[in-house]
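Below is data.cif, which holds mmCIF, C-alpha atoms.
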```cif
data_model
loop_
_atom_site.label_atom_id
_atom_site.label_comp_id
_atom_site.auth_asym_id
_atom_site.auth_seq_id
_atom_site.Cartn_x
_atom_site.Cartn_y
_atom_site.Cartn_z
CA MET A 619 43.40 -11.43 6.54
CA LYS A 620 46.01 -14.17 6.48
CA SER A 621 47.71 -14.72 3.15
CA ALA A 622 46.56 -18.36 3.04
CA ASP A 623 42.95 -17.26 3.49
CA GLU A 624 43.40 -14.54 0.93
CA LYS A 625 44.73 -17.12 -1.54
CA LYS A 626 41.76 -19.36 -0.85
CA LEU A 627 39.32 -16.51 -1.43
CA THR A 628 41.05 -15.46 -4.66
CA GLU A 629 40.86 -19.04 -5.91
CA ILE A 630 37.10 -19.17 -5.25
CA PHE A 631 36.61 -15.99 -7.26
CA ARG A 632 38.86 -17.14 -10.10
CA VAL A 633 37.10 -20.48 -10.52
CA LEU A 634 33.54 -19.22 -10.07
CA PHE A 635 33.84 -16.21 -12.33
CA ASN A 636 36.10 -17.94 -14.82
CA MET A 637 38.82 -15.29 -14.55
CA PRO A 638 42.21 -17.04 -13.91
CA GLU A 639 44.09 -13.72 -13.75
CA LEU A 640 41.74 -11.97 -11.29
CA GLU A 641 43.40 -10.16 -8.37
CA LEU A 642 41.23 -9.22 -5.39
CA ARG A 643 41.41 -5.49 -4.75
CA ASP A 644 39.47 -4.24 -1.71
CA ASN A 645 37.37 -1.91 -3.84
CA LEU A 646 36.44 -4.62 -6.33
CA THR A 647 32.66 -4.76 -6.74
CA ALA A 648 30.16 -6.83 -8.70
CA ARG A 649 30.21 -4.15 -11.41
CA ASP A 650 33.84 -4.95 -12.21
CA VAL A 651 33.27 -8.67 -12.74
CA PRO A 652 31.03 -9.55 -15.69
CA LEU A 653 29.69 -12.82 -14.29
CA TRP A 654 29.14 -11.50 -10.75
CA ASP A 655 25.38 -10.86 -10.78
CA SER A 656 22.81 -11.41 -8.05
CA PHE A 657 22.39 -15.03 -9.17
CA ASN A 658 26.09 -15.82 -8.90
CA HIS A 659 26.40 -13.83 -5.69
CA ILE A 660 24.60 -16.56 -3.78
CA ASN A 661 26.90 -19.21 -5.32
CA LEU A 662 29.89 -17.15 -4.26
CA ILE A 663 28.58 -16.85 -0.71
CA MET A 664 27.79 -20.57 -0.47
CA ASN A 665 31.28 -21.41 -1.80
CA ILE A 666 32.90 -19.14 0.78
CA GLU A 667 30.75 -20.59 3.56
CA SER A 668 31.77 -24.16 2.77
CA GLU A 669 35.46 -23.38 2.13
CA PHE A 670 35.92 -21.36 5.31
CA ASP A 671 33.35 -23.24 7.36
CA ILE A 672 31.51 -20.09 8.38
CA ARG A 673 27.94 -18.85 7.99
CA PHE A 674 26.65 -15.45 6.91
CA THR A 675 23.33 -13.95 7.93
CA THR A 676 20.84 -12.83 5.29
CA ASP A 677 21.45 -9.18 6.17
CA GLU A 678 25.19 -9.60 5.75
CA ILE A 679 24.69 -11.20 2.34
CA ALA A 680 22.35 -8.40 1.26
CA SER A 681 24.56 -5.58 2.47
CA LEU A 682 28.00 -6.67 1.21
CA GLN A 683 29.24 -3.94 -1.10
CA ASN A 684 32.77 -4.90 -2.12
CA VAL A 685 35.57 -7.41 -1.62
CA GLY A 686 37.11 -5.33 1.20
CA GLU A 687 33.95 -5.60 3.30
CA MET A 688 33.76 -9.27 2.49
CA LYS A 689 37.33 -9.84 3.73
CA VAL A 690 36.63 -7.98 6.98
CA LEU A 691 33.49 -10.01 7.57
CA ILE A 692 35.20 -13.34 6.84
CA ASN A 693 38.04 -12.37 9.18
CA GLU A 694 35.62 -11.47 11.98
CA LYS A 695 33.88 -14.79 11.60
CA LEU A 696 37.14 -16.76 11.54
CA GLU A 697 38.39 -14.98 14.65
CA ALA A 698 35.10 -15.69 16.42
CA LEU A 699 35.58 -19.36 15.53
CA VAL A 700 39.06 -19.43 17.08
CA ALA A 701 37.85 -17.64 20.22
CA MET B 144 1.52 16.14 15.38
CA ALA B 145 -0.41 13.01 14.48
CA CYS B 146 2.63 11.84 12.51
CA LEU B 147 4.93 12.49 15.44
CA GLY B 148 2.51 10.61 17.71
CA CYS B 149 2.44 7.58 15.39
CA VAL B 150 6.21 7.62 14.97
CA SER B 151 6.69 7.89 18.76
CA LEU B 152 4.42 4.89 19.24
CA PHE B 153 6.37 2.99 16.62
CA TRP B 154 9.61 4.04 18.31
CA LEU B 155 8.29 2.72 21.63
CA VAL B 156 7.53 -0.69 20.09
CA LEU B 157 10.98 -0.84 18.48
CA PHE B 158 12.53 0.14 21.77
CA PHE B 159 10.69 -2.72 23.49
CA ILE B 160 11.89 -5.13 20.81
CA GLN B 161 15.47 -4.05 21.36
CA TYR B 162 15.12 -4.12 25.14
CA ALA B 163 13.59 -7.62 25.11
CA ARG B 164 16.51 -8.79 23.00
CA GLU B 165 19.05 -7.22 25.33
CA VAL B 166 17.64 -9.03 28.35
CA LYS B 167 17.56 -12.18 26.21
CA HIS B 168 13.79 -12.54 25.98
CA TYR B 169 14.19 -13.53 22.35
CA PHE B 170 10.72 -15.00 22.09
CA ILE B 171 9.02 -11.75 23.09
CA SER B 172 11.22 -9.65 20.82
CA ASN B 173 10.59 -11.96 17.85
CA VAL B 174 6.83 -12.02 18.43
CA LEU B 175 6.78 -8.22 18.67
CA LEU B 176 8.85 -7.98 15.49
CA VAL B 177 6.50 -10.24 13.56
CA LEU B 178 3.42 -8.43 14.91
CA CYS B 179 4.97 -5.12 13.90
CA ILE B 180 5.60 -6.34 10.35
CA PHE B 181 2.09 -7.79 10.05
CA PHE B 182 0.50 -4.60 11.32
CA ILE B 183 2.37 -2.44 8.82
CA LEU B 184 1.68 -4.94 6.04
CA PHE B 185 -2.02 -4.93 6.93
CA ILE B 186 -2.29 -1.14 6.71
CA PHE B 187 -0.30 -1.24 3.48
CA LEU B 188 -2.64 -3.78 1.88
CA LEU B 189 -5.67 -1.83 3.06
CA HIS B 190 -4.15 1.27 1.51
CA LYS B 191 -3.26 -0.49 -1.74
CA SER B 192 -6.54 -2.29 -2.22
CA ASN B 193 -8.72 0.74 -1.66
CA ILE B 194 -7.19 3.70 -3.43
CA ASP B 195 -9.96 5.32 -5.50
CA HIS B 196 -12.33 2.88 -3.84
CA HIS B 197 -11.18 0.00 -5.98
CA SER B 198 -11.66 -3.25 -4.23
CA PHE B 199 -9.39 -6.17 -4.97
CA PHE B 200 -11.86 -8.58 -3.49
CA SER B 201 -14.62 -7.44 -5.85
CA LEU B 202 -17.18 -7.29 -3.11
CA GLY B 203 -19.06 -4.71 -5.09
CA TYR B 204 -18.16 -2.07 -2.58
CA SER B 205 -14.99 -0.64 -1.15
CA ILE B 206 -14.13 -1.52 2.45
CA TYR B 207 -14.16 2.16 3.26
CA GLU B 208 -17.63 2.64 1.87
CA LYS B 209 -18.96 -0.05 4.13
CA TYR B 210 -17.13 1.26 7.15
CA ALA B 211 -17.64 4.96 6.56
CA HIS B 212 -16.33 5.82 10.01
CA LEU B 213 -12.89 4.78 8.75
CA GLN B 214 -13.03 7.66 6.27
CA HIS B 215 -10.48 9.75 8.14
CA ILE B 216 -7.95 6.93 7.83
CA VAL B 217 -8.43 7.01 4.06
CA ILE B 218 -7.57 10.67 4.00
CA VAL B 219 -4.37 10.14 5.99
CA LEU B 220 -3.35 7.12 3.94
CA SER B 221 -3.96 8.72 0.58
CA SER B 222 -2.65 12.16 1.40
CA LEU B 223 0.61 10.92 2.85
CA THR B 224 1.14 8.34 0.12
CA PHE B 225 1.67 5.59 2.56
CA SER B 226 3.54 3.44 0.00
CA TYR B 227 6.89 5.05 0.72
CA ILE B 228 6.41 5.26 4.47
CA PHE B 229 5.61 1.55 4.36
CA LEU B 230 8.86 0.76 2.55
CA ARG B 231 10.88 2.88 4.98
CA ALA B 232 9.17 1.29 7.99
CA ILE B 233 10.02 -2.18 6.66
CA ASP B 234 13.62 -1.13 6.01
CA LEU B 235 13.77 0.27 9.55
CA ILE B 236 12.46 -2.98 11.08
CA ARG B 237 14.93 -4.99 9.00
CA ALA B 238 17.79 -2.78 10.21
CA ILE B 239 16.70 -3.06 13.85
CA LYS B 240 16.52 -6.84 13.43
CA ALA B 241 20.13 -6.70 12.18
CA ARG B 242 21.04 -4.91 15.42
CA ASN B 243 21.38 -1.37 14.17
CA PRO B 244 20.75 1.42 16.68
CA ILE B 245 17.31 3.02 17.08
CA LEU B 246 17.30 6.79 16.70
CA ASP B 247 15.19 9.14 18.82
CA PRO B 248 11.55 9.75 17.72
CA PHE B 249 12.37 13.10 16.08
CA SER B 250 15.16 11.66 13.95
CA LEU B 251 12.94 8.70 13.19
CA LEU B 252 10.26 11.09 11.97
CA GLY B 253 12.90 12.66 9.73
CA TYR B 254 13.67 9.23 8.30
CA LEU B 255 10.14 7.88 7.90
CA ILE B 256 8.37 11.05 6.77
CA PRO B 257 10.98 13.48 5.38
CA PHE B 258 9.17 16.60 4.18
CA TYR B 259 10.75 16.63 0.74
CA MET B 260 10.22 12.93 0.06
CA ILE B 261 6.58 12.67 1.11
CA ALA B 262 4.91 12.42 -2.25
CA SER B 263 7.12 10.19 -4.36
CA GLY B 264 10.08 8.85 -2.46
CA PRO B 265 12.80 7.86 -3.07
CA VAL B 266 13.18 5.00 -0.62
CA ASN B 267 16.10 6.02 1.55
CA VAL B 268 18.18 3.46 3.44
CA TYR B 269 17.95 3.45 7.24
CA THR B 270 21.56 2.44 7.88
CA GLU B 271 22.77 5.27 5.64
CA TYR B 272 20.51 7.69 7.50
CA VAL B 273 21.95 6.54 10.84
CA ALA B 274 25.51 6.95 9.53
CA ALA B 275 24.71 10.48 8.33
CA ASN B 276 23.08 11.27 11.66
CA GLU B 277 26.31 10.39 13.44
CA ARG B 278 28.45 12.42 11.06
CA GLU B 279 28.64 16.16 11.38
CA SER B 280 26.47 17.90 8.84
CA PRO B 281 28.49 19.35 5.94
CA SER B 282 29.45 22.98 6.27
CA PRO B 283 27.68 25.09 3.68
CA ASN B 284 29.85 25.89 0.71
CA PHE B 285 29.31 27.56 -2.59
CA SER B 286 29.95 24.63 -4.91
CA LEU B 287 27.56 22.38 -2.95
CA LEU B 288 24.93 25.10 -3.12
CA LEU B 289 25.41 25.50 -6.88
CA GLU B 290 25.29 21.74 -7.42
CA SER B 291 22.08 21.46 -5.41
CA ILE B 292 20.44 24.38 -7.20
CA ASN B 293 21.42 22.80 -10.51
CA LEU B 294 19.81 19.49 -9.52
CA ILE B 295 16.65 21.15 -8.18
CA THR B 296 16.15 23.39 -11.22
CA ASN B 297 16.83 20.45 -13.57
CA GLY B 298 14.15 18.54 -11.69
CA LEU B 299 11.69 21.43 -11.87
CA PHE B 300 12.38 21.75 -15.60
CA LEU B 301 11.69 18.05 -16.17
CA LYS B 302 8.46 18.24 -14.18
CA PHE B 303 6.95 21.56 -15.20
CA VAL B 304 8.26 21.98 -18.73
CA CYS B 305 8.81 18.46 -20.10
CA ALA B 306 6.18 16.45 -18.23
CA GLU B 307 3.43 19.07 -18.16
CA GLY B 308 4.25 20.21 -21.72
CA LEU B 309 3.81 16.64 -22.93
CA ARG B 310 0.60 16.24 -20.96
CA ILE B 311 -0.94 19.41 -22.40
CA LEU B 312 0.23 18.46 -25.90
CA VAL B 313 -1.27 14.98 -25.80
CA PHE B 314 -4.17 15.17 -23.35
CA GLY B 315 -5.18 18.82 -23.60
CA LEU B 316 -4.91 21.71 -21.15
CA ASN B 317 -7.09 20.26 -18.43
CA GLY B 318 -7.00 16.72 -19.76
CA LYS B 319 -6.76 13.74 -17.50
CA LEU B 320 -4.20 11.05 -18.13
CA GLU B 321 -6.18 8.36 -19.88
CA SER B 322 -5.06 5.21 -21.56
CA THR B 323 -7.33 4.62 -24.52
CA ASP B 324 -4.87 2.79 -26.73
CA ILE B 325 -1.26 1.61 -26.70
CA PHE B 326 -0.01 5.01 -27.94
CA SER B 327 -1.55 6.91 -25.05
CA THR B 328 0.03 4.34 -22.71
CA ALA B 329 3.39 5.08 -24.34
CA PHE B 330 2.83 8.81 -23.77
CA ILE B 331 1.88 8.18 -20.15
CA PHE B 332 5.05 6.12 -19.72
CA ILE B 333 7.17 9.04 -21.01
CA TYR B 334 5.14 11.53 -18.96
CA VAL B 335 5.67 9.47 -15.80
CA PHE B 336 9.41 9.44 -16.45
CA PHE B 337 9.64 13.24 -16.70
CA ASP B 338 7.29 13.70 -13.75
CA PHE B 339 8.88 11.13 -11.46
CA ALA B 340 12.51 11.71 -12.47
CA GLY B 341 11.98 15.47 -12.16
CA TYR B 342 10.57 15.03 -8.70
CA SER B 343 13.42 12.69 -7.75
CA TYR B 344 16.04 15.20 -8.92
CA VAL B 345 14.45 17.87 -6.72
CA ALA B 346 14.48 15.47 -3.74
CA PHE B 347 18.09 14.48 -4.54
CA GLY B 348 19.12 18.14 -4.69
CA ILE B 349 17.41 19.04 -1.40
CA GLY B 350 18.91 15.96 0.24
CA LYS B 351 22.36 17.00 -0.95
CA LEU B 352 21.88 20.51 0.37
CA LEU B 353 20.75 19.29 3.80
CA GLY B 354 23.34 16.53 4.02
CA ILE B 355 20.66 13.83 4.26
CA PRO B 356 21.42 10.72 2.20
CA THR B 357 18.90 10.63 -0.65
CA PRO B 358 19.34 8.00 -3.34
CA LEU B 359 19.39 9.00 -7.02
CA ASN B 360 16.25 7.37 -8.34
CA PHE B 361 16.70 7.48 -12.12
CA GLN B 362 19.83 6.78 -14.11
CA HIS B 363 18.91 7.27 -17.77
CA PRO B 364 16.44 4.38 -18.00
CA TYR B 365 15.73 4.90 -21.70
CA VAL B 366 19.24 3.86 -22.77
CA SER B 367 18.81 0.38 -21.24
CA LYS B 368 19.58 -2.44 -23.66
CA SER B 369 17.59 -5.04 -21.75
CA VAL B 370 14.57 -5.12 -19.46
CA THR B 371 16.90 -6.35 -16.71
CA GLU B 372 19.07 -3.26 -17.14
CA PHE B 373 15.97 -1.05 -17.27
CA TRP B 374 15.01 -2.09 -13.74
CA THR B 375 18.46 -1.12 -12.47
CA ARG B 376 17.97 2.38 -13.90
CA TRP B 377 14.25 3.08 -13.32
CA HIS B 378 13.12 3.81 -9.73
CA VAL B 379 16.49 2.54 -8.49
CA SER B 380 15.73 3.00 -4.80
CA LEU B 381 12.70 0.67 -5.01
CA GLY B 382 14.77 -1.89 -6.94
CA ASP B 383 17.47 -1.80 -4.26
CA PHE B 384 14.86 -2.11 -1.54
CA VAL B 385 13.23 -5.14 -3.17
CA LYS B 386 16.63 -6.72 -3.71
CA ARG B 387 17.75 -6.47 -0.08
CA THR B 388 14.33 -7.10 1.51
CA ILE B 389 12.71 -9.69 -0.75
CA PHE B 390 15.04 -11.12 -3.37
CA VAL B 391 18.12 -11.91 -1.25
CA PRO B 392 16.23 -13.26 1.82
CA LEU B 393 14.10 -15.51 -0.43
CA GLN B 394 17.18 -16.60 -2.34
CA VAL B 395 19.10 -17.43 0.83
CA PHE B 396 16.11 -19.18 2.40
CA MET B 397 15.55 -21.44 -0.60
CA VAL B 398 19.24 -22.20 -1.16
CA ARG B 399 19.66 -23.19 2.49
CA LYS B 400 16.53 -25.34 2.31
CA TRP B 401 17.13 -27.15 -0.98
CA GLY B 402 20.89 -26.80 -1.48
CA VAL B 403 23.11 -25.07 -4.02
CA GLY B 404 22.21 -27.63 -6.68
CA TYR B 405 18.81 -26.01 -7.08
CA ALA B 406 20.14 -22.45 -6.74
CA TYR B 407 19.47 -21.49 -10.34
CA ARG B 408 15.83 -22.54 -10.27
CA THR B 409 15.17 -21.04 -6.83
CA ASN B 410 16.83 -17.81 -7.94
CA LEU B 411 14.38 -17.59 -10.83
CA ILE B 412 11.49 -18.09 -8.40
CA ALA B 413 12.86 -15.37 -6.09
CA LEU B 414 13.20 -13.09 -9.11
CA ILE B 415 9.60 -13.54 -10.22
CA ALA B 416 8.35 -13.18 -6.61
CA SER B 417 10.22 -9.86 -6.36
CA PHE B 418 8.47 -8.51 -9.43
CA VAL B 419 5.11 -9.68 -8.12
CA PHE B 420 5.83 -7.60 -5.02
CA VAL B 421 6.67 -4.60 -7.21
CA GLY B 422 3.33 -5.14 -8.97
CA ILE B 423 1.41 -5.29 -5.70
CA TRP B 424 3.29 -2.24 -4.48
CA HIS B 425 1.85 -0.30 -7.41
CA ARG B 426 -1.68 -1.56 -6.84
CA LEU B 427 -3.18 -4.59 -5.15
CA SER B 428 -5.07 -6.00 -8.09
CA LEU B 429 -5.09 -9.20 -10.08
CA LYS B 430 -3.83 -7.37 -13.15
CA PHE B 431 -0.78 -6.06 -11.32
CA ILE B 432 -0.01 -9.52 -9.92
CA ILE B 433 -0.09 -10.85 -13.48
CA TRP B 434 1.99 -7.84 -14.56
CA GLY B 435 4.59 -8.82 -11.94
CA ILE B 436 4.67 -12.41 -13.17
CA MET B 437 5.00 -11.24 -16.78
CA VAL B 438 7.86 -8.83 -16.14
CA GLY B 439 9.53 -11.34 -13.80
CA CYS B 440 9.37 -14.01 -16.52
CA ILE B 441 10.81 -11.63 -19.12
CA VAL B 442 13.74 -10.75 -16.82
CA ALA B 443 14.20 -14.44 -16.00
CA LEU B 444 14.21 -15.30 -19.71
CA GLU B 445 16.80 -12.59 -20.37
CA LYS B 446 18.97 -14.07 -17.65
CA ILE B 447 18.71 -17.56 -19.18
CA ILE B 448 19.58 -16.22 -22.64
CA ARG B 449 22.51 -14.25 -21.24
CA ASP B 450 23.86 -17.36 -19.55
CA GLN B 451 23.45 -19.36 -22.75
CA LEU B 452 25.40 -16.63 -24.54
CA ASN B 453 28.22 -16.94 -22.05
CA ASN B 454 28.31 -20.74 -21.97
CA LYS B 455 27.27 -22.11 -25.33
CA LYS B 456 26.99 -20.93 -28.87
CA ILE B 457 23.24 -21.48 -29.30
CA PHE B 458 22.37 -17.81 -29.21
CA SER B 459 25.63 -16.63 -30.77
CA PHE B 460 23.66 -14.61 -33.35
CA LEU B 461 22.72 -12.34 -30.46
CA LYS B 462 26.35 -11.68 -29.57
CA PHE B 463 26.93 -8.26 -31.02
CA LYS B 464 30.41 -7.21 -32.03
CA GLY B 465 31.80 -4.17 -33.84
CA PRO B 466 29.05 -2.44 -35.85
CA GLY B 467 26.56 -4.90 -34.35
CA LYS B 468 27.20 -3.26 -31.01
CA ILE B 469 25.96 0.08 -32.34
CA LEU B 470 22.91 -1.69 -33.75
CA ALA B 471 22.32 -3.31 -30.36
CA SER B 472 22.47 0.02 -28.57
CA ILE B 473 19.72 1.30 -30.89
CA LEU B 474 17.57 -1.84 -31.05
CA GLY B 475 17.98 -2.65 -27.33
CA PRO B 476 16.24 0.49 -26.02
CA CYS B 477 13.49 0.07 -28.66
CA TYR B 478 12.88 -3.48 -27.47
CA VAL B 479 12.84 -2.35 -23.82
CA PHE B 480 10.42 0.49 -24.60
CA CYS B 481 8.03 -1.87 -26.40
CA VAL B 482 8.14 -4.47 -23.60
CA ILE B 483 7.59 -1.93 -20.83
CA VAL B 484 4.77 -0.15 -22.67
CA GLY B 485 3.19 -3.50 -23.63
CA THR B 486 3.20 -4.85 -20.07
CA LEU B 487 2.13 -1.48 -18.67
CA HIS B 488 -0.75 -1.24 -21.12
CA PHE B 489 -2.10 -4.49 -19.73
CA ALA B 490 -2.32 -3.15 -16.15
CA ILE B 491 -2.52 0.62 -16.51
CA GLN B 492 -6.30 0.88 -16.12
CA ASP B 493 -5.92 -0.27 -12.52
CA LEU B 494 -3.21 2.30 -11.87
CA LEU B 495 -5.16 5.23 -13.25
CA GLY B 496 -8.35 4.08 -11.57
CA GLN B 497 -10.22 3.93 -14.89
#
```
This structure in structure tokens:
Amino acid sequence: MKSADEKKLTEIFRVLFNMPELELRDNLTARDVPLWDSFNHINLIMNIESEFDIRFTTDEIASLQNVGEMKVLINEKLEALVA
Amino acid sequence: MACLGCVSLFWLVLFFIQYAREVKHYFISNVLLVLCIFFILFIFLLHKSNIDHHSFFSLGYSIYEKYAHLQHIVIVLSSLTFSYIFLRAIDLIRAIKARNPILDPFSLLGYLIPFYMIASGPVNVYTEYVAANERESPSPNFSLLLESINLITNGLFLKFVCAEGLRILVFGLNGKLESTDIFSTAFIFIYVFFDFAGYSYVAFGIGKLLGIPTPLNFQHPYVSKSVTEFWTRWHVSLGDFVKRTIFVPLQVFMVRKWGVGYAYRTNLIALIASFVFVGIWHRLSLKFIIWGIMVGCIVALEKIIRDQLNNKKIFSFLKFKGPGKILASILGPCYVFCVIVGTLHFAIQDLLGQ
């Protein structure tokens, strides 16, 4: 993932979950972030979709396990956009 | 053999769906997919509405009594506890729709009707099963064997000593589980935990030994401090299934339709709908639908209170700190126990077929 994209993603997390110091590790999961529940998960996804101008499928949203997987998926989608 | 036949037929249909998609006949593949889901749903509802010859539609007779020649289907449906096969079949269809590979009929049989998970689950995940199928099975080693034996014997202890001991103590040696008052419901609730968790530990142990992914179904549910937390610890594999198959798709559908501005409200609706499904999964009856709405509303209310706690100071008296935290960890489980027993007491007659 490009550093600019990574910065953008980190900013989304920091604002949404109200954690200005949050750093995105690949193994970060919803369990590690107090406000990241299944309600906020959809807000997170919608925020990412509008910021990166991509679209996730329902299965992708349901199966995302951690930030690492999320980064890979975003990257795939961005590359598909360029191609 | 009948099972293998059914699974082979199912495999054939799935294969057609995949083939139709590959040659870009999307319409045919989608129609087949929907038909497949409806067919499985139909059998499921038939199964759920007619266990013990209880009829949801109150026709005065059970469907099976009217159509006595369907009797052999009843035997298959009740003996194989179709509920779990139904969940696995739906998970399988969902995975195929998301373009996961279809395994051969024998492996599919192992996924849909695993011998050690026939009676009470847990609901294993198809994608995990596929991944394990591709991996080499673990070489037998002593520590794995010991760990598995430990899990299996723990499970057997929970089932045959704790659960059965409690049953004999409360309901007598040959007594049937009966809910006559709220206390007997509470006993049944504890009995079901020992019985079901014990069974799940045995399944978990066997799964570990065979290298087949088997989810851990119970994670100390009685220490939960909220009803919300309880449902992440009790029958975990069903909770996960409902989340990925009902809650998230509904959530995404409604958010895309009405926009993020309504997300909070639509999330609450998706939440309650999920619990209604859990109710119907237990038994297709009016009482269990109401049970689902009740539990869904309680979980929704907890969510609203939790958010108020985080945002405003309205409910600050509920924010436990220091010694209050210890108090919360005692009062929380008591509250959860009362809520679960209370809601269960309302619907339990339908479950026990009383």
Exercise. Please, which residues of chain A lie no more than 12 Å from chain B when the count uses only C-alpha atoms, and can they be set out as an MDAnalysis selection string?
Worked result: chainID A and resid 635:636 652:665 667:668 673:683
Exercise. Please, what distance in Å, to one decimal, runs between CA of Leu316 in chain B and CA of His363 in chain B?
Worked result: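 For CA of Leu316 in chain B relative to CA of His363 in chain B, the distance reads 28.1 Å.
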Problem set entry | Which of A:Arg632, A:Lys620, A:Asp644, A:Glu639 sits closest to Gly686 in chain A [using all atoms listed in the file] | A:Asp644
Exercise. Care to translate the PyMOL selection byres ((chain B and resi 298) around 8) into actual residues of this file, as a count of residues only?
Worked result: 14
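Residues within 10 Å of range 167-175 of chain B, counting only C-alpha atoms and excluding same-chain residues fewer than 4 positions away, are Val156, Leu157, Phe158, Phe159, Ile160, Gln161, Tyr162, Ala163, Cys179, Ile180, Phe181 and Lys240 of chain B.
Computed from the coordinates, the CA of Leu640 in chain A to CA of Arg449 in chain B distance equals 21.8 Å.
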Seminar exercise, completed: Using all atoms listed in the file, the residue out of B:Asn454, B:Ser263, B:Thr375, B:Asn276 with shortest distance to Pro244 in chain B is B:Asn276
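For the atom pair formed by CA of Ile333 in chain B and CA of Lys319 in chain B, the distance is 15.1 Å, given to one decimal.
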For this session: Output the residue selection produced by the PyMOL selection byres ((chain B and resi 472-488) around 10) on the file above, formatted as a PyMOL selection string.
Result: chain B and resi 322-333+364-373+431+433-435+437-438+441+463+467-471+489-492+494
Could you expand the PyMOL selection byres ((chain B and resi 350) around 12) into the explicit residues it covers here, written as a compact mmCIF listing (two decimals) with C-alpha atoms, in the coordinates of the input?
```txt
# COMPACT_ATOMS: atom_id res chain seq x y z
CA GLY B 253 12.90 12.66 9.73
CA TYR B 254 13.67 9.23 8.30
CA PRO B 257 10.98 13.48 5.38
CA PHE B 258 9.17 16.60 4.18
CA TYR B 259 10.75 16.63 0.74
CA MET B 260 10.22 12.93 0.06
CA GLY B 264 10.08 8.85 -2.46
CA PRO B 265 12.80 7.86 -3.07
CA ASN B 267 16.10 6.02 1.55
CA TYR B 272 20.51 7.69 7.50
CA ALA B 275 24.71 10.48 8.33
CA SER B 280 26.47 17.90 8.84
CA PRO B 281 28.49 19.35 5.94
CA LEU B 287 27.56 22.38 -2.95
CA LEU B 288 24.93 25.10 -3.12
CA GLU B 290 25.29 21.74 -7.42
CA SER B 291 22.08 21.46 -5.41
CA ILE B 292 20.44 24.38 -7.20
CA LEU B 294 19.81 19.49 -9.52
CA ILE B 295 16.65 21.15 -8.18
CA SER B 343 13.42 12.69 -7.75
CA TYR B 344 16.04 15.20 -8.92
CA VAL B 345 14.45 17.87 -6.72
CA ALA B 346 14.48 15.47 -3.74
CA PHE B 347 18.09 14.48 -4.54
CA GLY B 348 19.12 18.14 -4.69
CA ILE B 349 17.41 19.04 -1.40
CA LYS B 351 22.36 17.00 -0.95
CA LEU B 352 21.88 20.51 0.37
CA LEU B 353 20.75 19.29 3.80
CA GLY B 354 23.34 16.53 4.02
CA ILE B 355 20.66 13.83 4.26
CA PRO B 356 21.42 10.72 2.20
CA THR B 357 18.90 10.63 -0.65
CA PRO B 358 19.34 8.00 -3.34
CA LEU B 359 19.39 9.00 -7.02
```
Exercise. Using only C-alpha atoms, which residue out of A:Leu646, A:Leu627, A:Met688, A:Val633 lies closest to Glu669 in chain A?
Worked result: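 Looking only at the distances to Glu669 in chain A, the closest residue turns out to be A:Leu627.
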For this session: Tell me which protein, DNA and RNA residues are within 8 Å of range 690-700 of chain A, counting only C-alpha atoms, leaving out same-chain ones fewer than 6 positions away, and put them as a ChimeraX atom specification.
Result: /A:619,670,672
Seminar exercise, completed: Residue with the minimum atom-to-atom distance to Val685 in chain A, picked from A:Ser621, A:Pro638, A:Lys626, A:Thr647 with all atoms listed in the file counted, is A:Thr647
